[in-house]
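J.: Would you mind keeping the following structure in view while I ask a few things?
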Amino acid sequence: MRTSLGAMLAIGLAGLQLLAVLAVVFSSYVSSERALLDHARDLLRDVGANTIEHSRGFLGPARGAAELSARLAQDRVIASDVPELLERLLFQQLQLAPQFAGVYHGNEEGEFVYVMRAGEIAPFRTKIIRVDGEDRTVELIWRDNDYNVIERRMDPDDPYDPRTRPWYVRARDQLTTIWTDPYIFFSSRQPGITLASPVMDGPDRVRGIVGVDIEISDISDFLARLRIGATGRALIIHENGDVIAHPNKDLLKAENADGTLRFVDIRSFEDPIARAAFADLEASGRLPVAEETLSQFTYGGETYVSVIMPQISDNLPWTIGAYALESDFTQVLKANRLTNTWIAVFVAAVTGLAGLALANYIYKPVRAFAVRNALVAQGELDPSEPLPKTYQELERANQTLTEQIAARRETEMEYGRTFDMSSRGMAQIDPETSRFLDTNARIREITGYSEAELRGMTVNDLAHPDDPPFLLSGTDPSDPQEINYEMRCLRRDGETIWASVNAILIFNQQGKPLHFVLTLDDITASKLTEEQVAELSKDISNLSRDKTMGQVAAGLAHELNQPLTAIAQNADSALYAVNRMPDAEPELRLTLEEIAEQSIRAGEIIRALRSFIRRDEGIRTDFDLGELVEQTKRLVVAEARAAAVTITSDMGAGLPQVHANRIQIAQVLVNLMRNAIEAVSEKGSNDRRVHVHAALKDGKVQVCVTDTGPGVDPSINLFEDFETTKPAGMGLGLSICRSIVQTNGGRIWHEAAEPNGARFCFTLDIAAG
């Protein structure tokens, strides 16, 4: 028996639709009540969480204000020992925070400045206690909102001493910011809490305490505004069992025998439902709870649902509780359950009929394909005839999807090849654990670890143990999504290398971090070059200073030898003439002899000085001149950039190593480059170039520094001491260069450059093969 596919599809869709609707209806009949109860618990949980966040947000500014005042006083930004200045600061903070009832500061001498909100005379009242030895005064000041004084009076009977107050004692003993237990303020008779922060005078010595009084009545107002069903309420219980916040604030306070006020304990609280929900838990020691706790309880024949939240924090050991009548959420469901059942059956019937029509519509293209295939099989239709329109649409969608899958696979293959064949070390890093997920061959070559070894490691495992740990962040979208860092790494063989690390966090379409793409380059060589350039700069500076001092001393010695020689000769002549006089004075002969001796002694000192200056000509070694030129170019790059001068170099192919004092030749190159940069910058043209060229010539290496400047003034005697055209120059640069080159077995000279400019050349010995 043949069965029609269309009939099967229509009956199947209609039947499944009916079964699905009936299943939903009956499952809803059984589980909807539980779902609403779960919703009620979620609502209570949200109430508890909102109450916690509101309490934190309400009390948070107090900590900031107290600690800011403490830091300002501690850093002496404000003079805490000047009551008038301190009063103004506290007054401003009180105006900025409407939840603050008062702000104050007490010190170790018993002095006290307290600014509070006042309901009489003026909006604000200040109490200032001054202590000067045995003298103690208490002044009360009432001010308006603009800090204008409304009234002042002295209160000689006020015995208040801040040092004896609990907030002062606890903050001083613990040396940190503390919260007091909630209590009823004496003046405003409103529930509140005090926060105190120490003002330190050294690591272990307290100079004073800053305190903030906060009225927490607003928290009860917040609870009163919450809507938890028709009868639900929320309250806050302190760790000692006191109810400190409730929608009905009048239930919170009870009067002591001495007329003072206190909070009411949950076991005697006048809200019977709250007492039934939480009193037994508090009495049995099950409060506070470690995590949010959902429960049910019965009162007056009615069932209630409740939630108890963990304490807000160690500083605020408050437990948030909320309860609501179960029927507030389920009564409507119970009343409409039967109606909904009949509606569901009706909907199932209607949707079943609609399903039949839809099944027939869906089956149309299938039926068309079936007829076409039958006609083709019977030879009545050419296979090349166009397909039905609906079939072409389905085929096009299928073809498009196939093309997209192929393109995606091709992209993944290209990325994989790029990742594996990259010349840079690359890896994928887990954003949560910082562990390697995948690595390419280059990063394994740099680190010396295998792929399996790296998969068990984190990025920080590569860092040198003496350096701070390298941490990747980015699991939070607000964190940096690109990281650039230079770090020392320890290879598997124990070798230390420098690496440049770049990490980019990749997200999926939903904004969830997938992984870091990390690139790692070995920059040990460039780091070594930087260190060599820095060391070269240091050595050149020392050598330049020594050479300059030596050149100045040598010049002075040469100039002083001539007058000293003349003095010695004249003294000898005068002594000869005196010796021929029969009646010459003995004192005159002694004076002339001393002049001659001292002139000779001065000459010996100068000769010794010249010998000392010239005694160390430096150590000559073999080195690569091209490498030295590149390093010296980096030493003058800042000056060249400032003068907009371009420095180029051409060391020639196959240039041999040279034999000379490397530091001294570096100084010659730096001096010639700097002179060339200054000459080009003074010209004022757009053609600002300095070129360094080296080549092998006549058995030596010839180095030339050429510039496009105005050239050398013909009246200047180059390479002579103290010859210069610079207003602030000493005229020793070229003279020192000549001395260095000659000491290293070469010669230096100047020649004009074409079409303009100057060229300074010198020769160096070739290193022995």
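The chains in the structure tokens are called A, B, ... from first to last as shown; in each chain the residues are counted from 1, and the ligands are counted from 1 in the order shown.
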Please identify every residue of range 49-161 of chain A that has at least one atom no farther than 12 Å from an atom of range 182-185 of chain A, counting only C-alpha atoms, and for each give the shortest atom pair and the distance in Å to one decimal, arranged by chain then increasing number, as a Markdown table.

T.:
```
| residue | atom | partner | partner_atom | distance |
| --- | --- | --- | --- | --- |
| A:Ala101 | CA | A:Phe185 | CA | 9.4 |
| A:Gly102 | CA | A:Phe185 | CA | 10.6 |
| A:Met116 | CA | A:Phe185 | CA | 11.8 |
```

J.: Excluding range 439-448 of chain A and residues on its chain fewer than 5 positions from it, collect all residues at most 9 Å away from it, counting only C-alpha atoms, and give them as a list in words.

T.: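 That gives Phe419, Asp420, Met421, Ser422, Ser423, Arg424, Gly425, Met426, Ala427, Gln428, Leu454, Arg455, Leu462, Cys489, Leu490, Arg491, Arg492, Asp493, Ile497, Thr519, Leu520, Asp521 and Asp522 of chain A.
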
J.: What's around Asp158 in chain A at 12 Å? Count only C-alpha atoms, leave out sequence neighbours fewer than 6 positions away in its own chain, and write the answer as an mmCIF file with all heavy atoms, in the first residue's frame.

T.:
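That gives us part22.cif:
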```cif
data_model
loop_
_atom_site.group_PDB
_atom_site.id
_atom_site.type_symbol
_atom_site.label_atom_id
_atom_site.label_comp_id
_atom_site.auth_asym_id
_atom_site.auth_seq_id
_atom_site.Cartn_x
_atom_site.Cartn_y
_atom_site.Cartn_z
ATOM 1 N N LYS A 127 30.686 72.619 66.672
ATOM 2 C CA LYS A 127 31.250 72.599 68.030
ATOM 3 C C LYS A 127 32.765 72.550 67.900
ATOM 4 O O LYS A 127 33.307 71.663 67.232
ATOM 5 C CB LYS A 127 30.754 71.393 68.817
ATOM 6 C CG LYS A 127 31.410 71.290 70.228
ATOM 7 C CD LYS A 127 31.151 69.937 70.884
ATOM 8 C CE LYS A 127 29.713 69.877 71.368
ATOM 9 N NZ LYS A 127 29.485 68.663 72.217
ATOM 10 N N ILE A 128 33.466 73.498 68.547
ATOM 11 C CA ILE A 128 34.925 73.543 68.524
ATOM 12 C C ILE A 128 35.424 73.482 69.959
ATOM 13 O O ILE A 128 35.094 74.352 70.782
ATOM 14 C CB ILE A 128 35.446 74.812 67.832
ATOM 15 C CG1 ILE A 128 34.948 74.873 66.382
ATOM 16 C CG2 ILE A 128 36.973 74.854 67.861
ATOM 17 C CD1 ILE A 128 35.364 76.128 65.639
ATOM 18 N N ILE A 129 36.205 72.442 70.261
ATOM 19 C CA ILE A 129 36.829 72.310 71.581
ATOM 20 C C ILE A 129 38.311 72.602 71.416
ATOM 21 O O ILE A 129 39.009 71.911 70.659
ATOM 22 C CB ILE A 129 36.624 70.898 72.162
ATOM 23 C CG1 ILE A 129 35.118 70.604 72.310
ATOM 24 C CG2 ILE A 129 37.335 70.763 73.497
ATOM 25 C CD1 ILE A 129 34.838 69.199 72.809
ATOM 26 N N ARG A 136 40.658 74.874 78.663
ATOM 27 C CA ARG A 136 39.790 74.160 77.727
ATOM 28 C C ARG A 136 38.533 74.991 77.499
ATOM 29 O O ARG A 136 37.868 75.406 78.449
ATOM 30 C CB ARG A 136 39.423 72.786 78.292
ATOM 31 C CG ARG A 136 38.533 71.946 77.375
ATOM 32 C CD ARG A 136 38.254 70.603 78.053
ATOM 33 N NE ARG A 136 37.460 69.712 77.196
ATOM 34 C CZ ARG A 136 36.139 69.763 77.079
ATOM 35 N NH1 ARG A 136 35.452 70.679 77.783
ATOM 36 N NH2 ARG A 136 35.494 68.910 76.282
ATOM 37 N N THR A 137 38.209 75.240 76.199
ATOM 38 C CA THR A 137 37.016 76.026 75.860
ATOM 39 C C THR A 137 36.182 75.249 74.871
ATOM 40 O O THR A 137 36.714 74.510 74.031
ATOM 41 C CB THR A 137 37.411 77.383 75.248
ATOM 42 O OG1 THR A 137 38.162 77.156 74.044
ATOM 43 C CG2 THR A 137 38.240 78.200 76.218
ATOM 44 N N VAL A 138 34.866 75.440 74.962
ATOM 45 C CA VAL A 138 33.919 74.815 74.047
ATOM 46 C C VAL A 138 33.077 75.929 73.431
ATOM 47 O O VAL A 138 32.384 76.650 74.153
ATOM 48 C CB VAL A 138 33.023 73.782 74.753
ATOM 49 C CG1 VAL A 138 32.047 73.178 73.746
ATOM 50 C CG2 VAL A 138 33.852 72.700 75.414
ATOM 51 N N GLU A 139 33.158 76.057 72.105
ATOM 52 C CA GLU A 139 32.427 77.097 71.394
ATOM 53 C C GLU A 139 31.423 76.468 70.443
ATOM 54 O O GLU A 139 31.753 75.509 69.731
ATOM 55 C CB GLU A 139 33.394 77.997 70.607
ATOM 56 C CG GLU A 139 32.678 79.139 69.877
ATOM 57 C CD GLU A 139 33.639 80.005 69.093
ATOM 58 O OE1 GLU A 139 34.788 79.567 68.901
ATOM 59 O OE2 GLU A 139 33.254 81.107 68.670
ATOM 60 N N LEU A 140 30.187 77.015 70.425
ATOM 61 C CA LEU A 140 29.154 76.568 69.512
ATOM 62 C C LEU A 140 28.895 77.675 68.500
ATOM 63 O O LEU A 140 28.744 78.844 68.882
ATOM 64 C CB LEU A 140 27.868 76.233 70.268
ATOM 65 C CG LEU A 140 27.987 75.139 71.344
ATOM 66 C CD1 LEU A 140 26.660 74.951 72.047
ATOM 67 C CD2 LEU A 140 28.455 73.828 70.737
#
```
